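*Asks:* Provided herewith is a single structure, encoded as structure tokens, for subsequent inquiry.
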Amino acid sequence: MGGNSSTPSSPPPPVRKEPTCLEQPWRKLPEKDQDSLDFIRSYKPHDEYVKHLRILLHGPVGAGKSSFINSVESAILGRICGRALTDANSGVSFTRKYKTFKISKDESPGTHCDFVFNDIMGLEKEKSGIPVEDIKLALRGRVKEGYEFIPNRPLMEEDAGYNTSPSLDDKIHVLVCVVPADSVARMSDEVVKMMRDVRMEASRLDIPQLAIITKVDEACPEARKDVKNVYKSKALKMMVEQFHQMLGIPVNCIFLMKNYSSEVETSTEMNVQILHPLKQIITFGKDFLNNQ
Ligand SMILES: Nc1nc2c(ncn2[C@@H]2O[C@H](COP(=O)(O)OP(=O)(O)OP(=O)(O)O)[C@@H](O)[C@H]2O)c(=O)[nH]1
Ligand SMILES: [Mg+2]
């Protein structure tokens, strides 16, 4: 009798799936946004010669720099705002002009917070984005409002857009590097080098530096499911560490964020993760100005 020699197949042992999230967040954000809002709205530079704390946002094309400005204003006003024009990533920088953005403090016309953002053209490889030298000039307050950046052609002293006598008010007081989460692992050496170059120049000028990793929802399904998972996600934590190694920015100066992009209403959870880094940015800038 030719019986069946094979033993009845036993089910394969269950594969233990590693949890993708930590049980507790590795960075604790406040539950409410009110304390950050009060701090941000009431901030005033002490120096009488400085009207505003000036924050420069730089980073790769399409990273979410303009969206961050809109997210900040949305979180402060409690409604979605979109003054800084954004664009679905087309590969070339949508923001081309050097522009200062004031942020409304509340809905009364003409009331602004005492910090401003400078939005700038994005960095790109093969010299098709903003010339790195222009970002360095912006740090020193040398780029005039409205100057239109020209890829591969740095701003020159004889150009009308060159500010020959910048005041402390024109200079940058905090530098914020904005990068999208999905590109941290595959950023070209050329763009990393340019960002390091800008960072070195800022360090020479003693300008404090922070970084924001945006689009966490696109890089991590847990973060997409619930923005409260952002600091629980193991993948995003690794990304912060990787970015820290790449640029040398301390981990406690790197923040994870989802910008307001698809939402039609604001929420406390979203506001908290936008205002928490902003509070830190302002605190660093405040320390810088107090030492001038
Ligand atoms: N899902 C998601 N989309 C985002 C986020 N931040 C920005 N975006 C989208 O990404 C695209 C590019 O954003 P922008 O804010 O224009 O980027 P930018 O850095 O100002 O780009 P340039 O001015 O072209 O250098 C837009 O379509 C935004 O809606 C985010 O956190 N999550
Ligand atoms: Mg932009």
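Identifiers for the structure tokens are assigned positionally: chains receive A, B, ... in sequence, residues are indexed from 1 per chain, and ligands are indexed from 1 in the order shown.
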All residues within 12 Å of ligand 2 are required, counting only C-alpha atoms and all ligand atoms; please report them as a ChimeraX atom specification.

*Replies:* /A:57-70,82-99,101,117-123,129-130,178

*Asks:* Just the residues within 6 Å of range 207-217 of chain A, please, counting only C-alpha atoms, with nothing from its chain fewer than 5 positions along; format it as a PyMOL selection string.

*Replies:* chain A and resi 173-181+202+223-224+253-258

*Asks:* Point out the residue among A:Met246, A:Met156, A:Val251, A:Met270 with the least atom-to-atom distance to ligand 1, counting only C-alpha atoms and all ligand atoms.

*Replies:* A:Met270

*Asks:* Figure out the distance between CA of Val116 in chain A and CA of Lys102 in chain A, please, to one decimal in Å.

*Replies:*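 Here the two named atoms are 4.9 Å from each other.
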
*Asks:* Do you have the CA of Leu168 in chain A-CA of Ile55 in chain A distance handy?

*Replies:* 12.8 Å

*Asks:* Have a look at CA of His244 in chain A and CA of Pro25 in chain A and let me know their distance in Å, one decimal.

*Replies:*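 Separation of CA of His244 in chain A and CA of Pro25 in chain A: 18.6 Å.
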
*Asks:* Could you tell me, as a list of chain:residue names, which residues of range 136-240 of chain A DSSP assigns to strand (DSSP E or B) when given the backbone?

*Replies:*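 Of range 136-240 of chain A, the ones in strand (DSSP E or B) are A:Val143, A:Glu148, A:Tyr162, A:Val174, A:Leu175, A:Val176, A:Cys177, A:Val178, A:Val179, A:Pro180, A:Gln209, A:Leu210, A:Ala211, A:Ile212, A:Ile213, A:Thr214, A:Ser233.
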
*Asks:* Name the closest residue to Ser262 in chain A among the candidates A:Glu241, A:Ile150, A:Ile281, A:Glu218; distances are taken between atoms, counting only C-alpha atoms.

*Replies:*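 Among the listed residues, the smallest separation from Ser262 in chain A belongs to A:Glu218.
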
*Asks:* Got a sec: who's within 7 Å of range 188-199 of chain A, counting only C-alpha atoms, leaving out chain neighbours fewer than 4 positions off, as a VMD selection string?

*Replies:* chain A and resid 123 to 125 132 135 to 136 203 247

*Asks:* Can you list, as number ranges by chain, all residues belonging to range 38-209 of chain A that DSSP tags as alpha helix (DSSP H)?

*Replies:* A: 38-42, 65-77, 132-139, 189-204

*Asks:* Go through A:Met238, A:Asp182, A:Val15, A:Thr268 one by one, measure the shortest atom-to-atom distance of each to ligand 1 using only C-alpha atoms and all ligand atoms, and give the residue with the smallest value.

*Replies:* A:Asp182

*Asks:* List the neighbours of Ile282 in chain A out to 9 Å using only C-alpha atoms; skip same-chain residues closer than 2 positions along the sequence, and give me the result as a list in words.

*Replies:*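 Here the qualifying residues turn out to be Ile40, Tyr43, Leu53, Ile55, Phe115, Val174, Pro277, Leu278, Lys279, Gln280, Phe284, Gly285, Lys286 and Asp287 of chain A.
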
*Asks:* Would you list the contacts of Val143 in chain A as a list in words, taking every protein, DNA or RNA residue within 7 Å and counting only C-alpha atoms, but skipping same-chain residues closer than 3 positions in sequence?

*Replies:*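 What passes the distance filter is Leu137, Ala138, Tyr147, Gly161, Tyr162 and Asn163 of chain A.
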
*Asks:* The selected residues should be written to file as a compact mmCIF listing (two decimals), in the first residue's frame (atoms: N, CA and C atoms).

*Replies:*
```
# COMPACT_ATOMS: atom_id res chain seq x y z
N LEU A 137 23.51 85.35 1.63
CA LEU A 137 23.32 86.81 1.62
C LEU A 137 22.06 87.19 2.40
N ALA A 138 21.02 86.36 2.25
CA ALA A 138 19.77 86.62 2.98
C ALA A 138 20.03 86.59 4.49
N TYR A 147 13.06 90.70 -4.25
CA TYR A 147 14.08 90.26 -5.22
C TYR A 147 13.68 88.90 -5.80
N GLY A 161 18.59 94.53 -6.30
CA GLY A 161 18.04 93.71 -5.20
C GLY A 161 19.00 93.53 -4.04
N TYR A 162 20.22 94.14 -4.13
CA TYR A 162 21.23 93.96 -3.09
C TYR A 162 21.12 95.08 -2.07
N ASN A 163 20.98 94.72 -0.83
CA ASN A 163 20.87 95.71 0.25
C ASN A 163 22.28 96.01 0.78
```

*Asks:* Hey, what's within 10 Å of Asp106 in chain A if we count only C-alpha atoms and toss same-chain stuff fewer than 4 positions away? As a list of chain:residue names, please?

*Replies:*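 Answer for this query is A:Arg41, A:Glu73, A:Ile76, A:Leu77, A:Gly78, A:Gly110, A:Thr111, A:His112, A:Cys113.
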
*Asks:* When distances are computed from only C-alpha atoms, which of A:Val264, A:Ala235, A:Leu205, A:Asp169 shows the smallest separation from Tyr49 in chain A?

*Replies:* A:Asp169

*Asks:* With only C-alpha atoms as the basis for distance, which of A:Ser10, A:Thr20, A:Ser108, A:Ser267 is at the shortest distance from Pro221 in chain A?

*Replies:* A:Thr20

*Asks:* Return the single residue from A:Ser261, A:Gln34, A:Thr100, A:Ser74 that is closest to ligand 1, with distances computed using only C-alpha atoms and all ligand atoms.

*Replies:* A:Ser261
